[in-house]
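What follows is a single structure, written as structure tokens, with notes after it.
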Protein chains: 2
Amino acid sequence: MSFPARTTSAEIELGKTFQPKFGSDGLIPCITQDATTGQVLMFAFMNTESLELTLKTRKATYWSRSRNKLWVKGEESGNVQIVKELYTDCDQDVVLIKVDQNGAANASCHNGYKSCFYRKLADEQNFGLELVAERLFDPATVYKKK
Amino acid sequence: MSFPARTTSAEIELGKTFQPKFGSDGLIPCITQDATTGQVLMFAFMNTESLELTLKTRKATYWSRSRNKLWVKGEESGNVQIVKELYTDCDQDVVLIKVDQNGAANASCHNGYKSCFYRKLADEQNFGLELVAERLFDPATVYKKK
């Protein structure tokens with residue numbers, strides 16, 4: 001599988017062919033939303049291979065920039081994300097996936113929260129964050145130290 | 001205003017101080033969600049100045065990579081976004097804002113749709129996109145050709 005080439009601006013923005021744009025680093029941003037609640041669970045990047053695998057296997061597969069490798073979400077923790085739908089934006093340089101978050105605790109974040117966005121800016125003068133989510137698992141029991 | 005410096009991984013991930021990470025290009029990704037419905041409206045980037053202005057003015061202000069300038073969302077179209085809340089993710093290299101989408105048509109996308117994510121991948125074999133949203137305004141009446 002390889003994705004269709006980028007064509008004209010009109011076709012990219014208003015057409016009906018998926019022509020994803022991978023940046024100069026080979027990556028496209030991906031927003032991951034809970035398919036049921038709409039909660040934004042996480043944000044990561046995909047390269048062509050991870051986007052292809054995501055579509056083929058229906059398991060959200062990202063490109064880990066820190067580890068510099070393919071990252072099948074949940075392969076270590078069991079917190080697999082089953083992809084129900086994929087959207088793209090007007091200029092097709094972002095994808096949005098709606099997923100069913102699986103796993104013992106149904107958490108997407110390695111820190112034990114449902115969503116990675118578990119802190120809200122509450123005190124702007126002092127840049128204070130407020131924890132706004134409940135911890136669903138203790139990371140120490142899931143990610144064993146190597 | 002300048003943002004607190006990045007400290008330790010533990011403090012960044014589990015602490016209560018906002019320490020946003022701007023990439024080597026000076027930008028941080030921003031996901032914009034409708035504060036009421038949770039619909040993802042758009043995705044863009046911010047530099048320090050646009051994040052500062054967003055917090056100060058409460059109007060979502062991005063950095064336009066294509067125009068290489070600050071971009072107060074809605075300054076031309078009137079489709080201003082009033083920021084109600086700001087979140088960050090576990091490693092604080094993304095922000096998520098929840099906004100009230102203003103403007104005549106309450107649309108966030110310059111193509112006339114509520115959300116930029118108005119197309120869904122419907123035919124994976126042929127990379128076919130399906131339009132899944134209603135057009136709220138005709139761009140030709142809002143963006144005059146220069």
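Letters for chains follow the order of the structure tokens (A, B, ...), residue numbers begin at 1 for each chain, and ligand numbers begin at 1 in the order shown.
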Item to complete: Might you pull out every residue within 8 Å of Ile12 of chain B, with only C-alpha atoms counted and same-chain residues fewer than 4 positions away left off, and present them as a list in words?
Response: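 Contacts, with the query itself left out: Arg6, Thr7, Thr8, Thr17, Phe18, Gln19, Cys90, Asp91 and Gln92 of chain B.
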Residues of chain A within 10 Å of chain B: nearest atom pair and distance (Å, one decimal) for each, counting only C-alpha atoms, sorted by chain and number, as a Markdown table?
```
| residue | atom | partner | partner_atom | distance |
| --- | --- | --- | --- | --- |
| A:Met1 | CA | B:Gln125 | CA | 9.2 |
| A:Ser2 | CA | B:Phe127 | CA | 10.0 |
| A:Phe3 | CA | B:Phe127 | CA | 7.6 |
| A:Pro4 | CA | B:Phe127 | CA | 7.6 |
| A:Glu13 | CA | B:Asn111 | CA | 8.0 |
| A:Leu14 | CA | B:Asn111 | CA | 8.2 |
| A:Gly15 | CA | B:Leu129 | CA | 7.9 |
| A:Lys16 | CA | B:Leu129 | CA | 4.6 |
| A:Thr17 | CA | B:Gly128 | CA | 4.9 |
| A:Phe18 | CA | B:Phe127 | CA | 5.1 |
| A:Gln19 | CA | B:Phe127 | CA | 8.0 |
| A:Pro29 | CA | B:Pro29 | CA | 8.8 |
| A:Cys30 | CA | B:Phe43 | CA | 9.7 |
| A:Ile31 | CA | B:Ile31 | CA | 7.8 |
| A:Gln33 | CA | B:Val40 | CA | 8.7 |
| A:Thr37 | CA | B:Gly38 | CA | 8.5 |
| A:Gly38 | CA | B:Gly38 | CA | 6.0 |
| A:Gln39 | CA | B:Gly38 | CA | 6.8 |
| A:Val40 | CA | B:Val40 | CA | 8.3 |
| A:Leu41 | CA | B:Asp89 | CA | 9.3 |
| A:Met42 | CA | B:Asp89 | CA | 7.5 |
| A:Phe43 | CA | B:Val94 | CA | 7.5 |
| A:Ala44 | CA | B:Val94 | CA | 9.3 |
| A:Leu55 | CA | B:Glu124 | CA | 7.8 |
| A:Lys56 | CA | B:Glu124 | CA | 9.2 |
| A:Glu85 | CA | B:Lys120 | CA | 7.2 |
| A:Leu86 | CA | B:Leu121 | CA | 5.6 |
| A:Tyr87 | CA | B:Lys120 | CA | 4.3 |
| A:Thr88 | CA | B:Phe117 | CA | 5.5 |
| A:Asp89 | CA | B:Phe117 | CA | 4.3 |
| A:Cys90 | CA | B:Cys116 | CA | 5.3 |
| A:Asp91 | CA | B:Cys116 | CA | 8.6 |
| A:Gln92 | CA | B:Phe117 | CA | 9.1 |
| A:Asp93 | CA | B:Phe43 | CA | 9.5 |
| A:Val94 | CA | B:Phe43 | CA | 7.5 |
| A:Val95 | CA | B:Phe117 | CA | 8.4 |
| A:Leu96 | CA | B:Phe117 | CA | 7.7 |
| A:Ile97 | CA | B:Lys120 | CA | 9.6 |
| A:Cys109 | CA | B:Cys90 | CA | 7.7 |
| A:His110 | CA | B:Cys90 | CA | 8.6 |
| A:Asn111 | CA | B:Cys90 | CA | 7.6 |
| A:Tyr113 | CA | B:Cys90 | CA | 9.5 |
| A:Ser115 | CA | B:Asp89 | CA | 8.2 |
| A:Cys116 | CA | B:Asp89 | CA | 4.9 |
| A:Phe117 | CA | B:Asp89 | CA | 4.3 |
| A:Tyr118 | CA | B:Asp89 | CA | 6.8 |
| A:Arg119 | CA | B:Tyr87 | CA | 5.7 |
| A:Lys120 | CA | B:Tyr87 | CA | 4.3 |
| A:Leu121 | CA | B:Leu86 | CA | 5.6 |
| A:Ala122 | CA | B:Leu86 | CA | 8.4 |
| A:Asp123 | CA | B:Thr17 | CA | 9.4 |
| A:Glu124 | CA | B:Leu55 | CA | 7.8 |
| A:Gln125 | CA | B:Met1 | CA | 9.1 |
| A:Asn126 | CA | B:Thr17 | CA | 8.0 |
| A:Phe127 | CA | B:Phe18 | CA | 5.1 |
| A:Gly128 | CA | B:Thr17 | CA | 4.9 |
| A:Leu129 | CA | B:Lys16 | CA | 4.6 |
| A:Glu130 | CA | B:Lys16 | CA | 6.4 |
| A:Leu131 | CA | B:Lys16 | CA | 7.8 |
| A:Val132 | CA | B:Tyr87 | CA | 9.6 |
```
Item to complete: Using only C-alpha atoms, determine which residues lie at most 7 Å from Ile82 of chain B, disregarding the query and same-chain residues fewer than 3 positions distant; provide the list as a list in words.
Response: Arg58, Lys59, Ala60, Val99, Asp100 and Gln101 of chain B
Let's have the selection written as a compact mmCIF listing (two decimals), in the first residue's frame, with all heavy atoms.
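Contents of the output file out.txt:
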```txt
# COMPACT_ATOMS: atom_id res chain seq x y z
N ARG B 58 -7.45 35.66 25.41
CA ARG B 58 -8.46 34.59 25.36
C ARG B 58 -8.94 34.30 23.95
O ARG B 58 -9.88 33.53 23.76
CB ARG B 58 -9.68 34.87 26.26
CG ARG B 58 -9.37 35.31 27.67
CD ARG B 58 -8.43 34.40 28.40
NE ARG B 58 -8.99 33.07 28.67
CZ ARG B 58 -8.33 32.12 29.33
NH1 ARG B 58 -7.12 32.35 29.80
NH2 ARG B 58 -8.88 30.95 29.53
N LYS B 59 -8.32 34.91 22.96
CA LYS B 59 -8.65 34.58 21.58
C LYS B 59 -7.58 33.63 21.06
O LYS B 59 -6.37 33.95 21.13
CB LYS B 59 -8.64 35.84 20.69
CG LYS B 59 -9.77 36.80 20.98
CD LYS B 59 -9.65 38.01 20.04
CE LYS B 59 -10.67 39.07 20.41
NZ LYS B 59 -10.45 40.30 19.63
N ALA B 60 -8.00 32.48 20.53
CA ALA B 60 -7.03 31.51 20.04
C ALA B 60 -6.15 32.16 18.98
O ALA B 60 -6.64 32.69 17.98
CB ALA B 60 -7.75 30.30 19.46
N VAL B 99 -12.74 25.76 23.23
CA VAL B 99 -13.13 27.11 22.81
C VAL B 99 -14.63 27.21 22.51
O VAL B 99 -15.29 26.21 22.21
CB VAL B 99 -12.36 27.54 21.52
CG1 VAL B 99 -10.85 27.42 21.74
CG2 VAL B 99 -12.80 26.73 20.30
N ASP B 100 -15.11 28.44 22.61
CA ASP B 100 -16.41 28.78 22.03
C ASP B 100 -16.13 29.34 20.64
O ASP B 100 -15.44 30.36 20.51
CB ASP B 100 -17.12 29.83 22.88
CG ASP B 100 -17.71 29.23 24.15
OD1 ASP B 100 -17.85 27.99 24.23
OD2 ASP B 100 -18.02 30.01 25.08
N GLN B 101 -16.67 28.66 19.64
CA GLN B 101 -16.44 29.10 18.27
C GLN B 101 -17.45 30.20 17.93
O GLN B 101 -18.64 29.94 17.84
CB GLN B 101 -16.58 27.91 17.32
CG GLN B 101 -16.44 28.26 15.85
CD GLN B 101 -15.03 28.76 15.53
OE1 GLN B 101 -14.06 28.05 15.71
NE2 GLN B 101 -14.93 30.00 15.06
```
Worksheet item: Using only C-alpha atoms, which of the listed residues (A:Trp71, A:Phe45, A:Phe137, A:Tyr62) sits closest to Phe22 of chain A?
Response: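 Nearest to Phe22 of chain A: A:Phe45.
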Worksheet entry | Pairwise distance for atom CA of Gly78 of chain A and atom CA of Thr48 of chain A, rounded to one decimal in Å | 23.7 Å
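Considering only segment 15-93 of chain B, backbone DSSP assigns alpha helix (DSSP H) to Thr48, Glu49, Ser50, Leu51, Glu52, Leu53, Thr54, Leu55, Lys56 and Thr57 of chain B.
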Worksheet item: So how far away is atom CA of Met46 of chain A from atom CA of Ala10 of chain B, in Å?
Response: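 Calculated distance between atom CA of Ala10 of chain B and atom CA of Met46 of chain A is 25.7 Å.
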Worksheet entry | Separation of atom CA of Gly26 of chain A from atom CA of Gly74 of chain A in Å |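 About the pair atom CA of Gly74 of chain A and atom CA of Gly26 of chain A: they are 22.9 Å apart.
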Practice prompt. Could you check which of A:Pro139, A:Gly23, A:Asn102, A:Glu52 is closest to Glu75 of chain A, using only C-alpha atoms?
Written response: A:Asn102
Worksheet entry | Every residue of segment 10-136 of chain A that DSSP places in strand (DSSP E or B), as a ChimeraX atom specification | /A:17,28-34,40-46,59,61-64,69-72,81-88,95-101,113,119-123,128-131,135
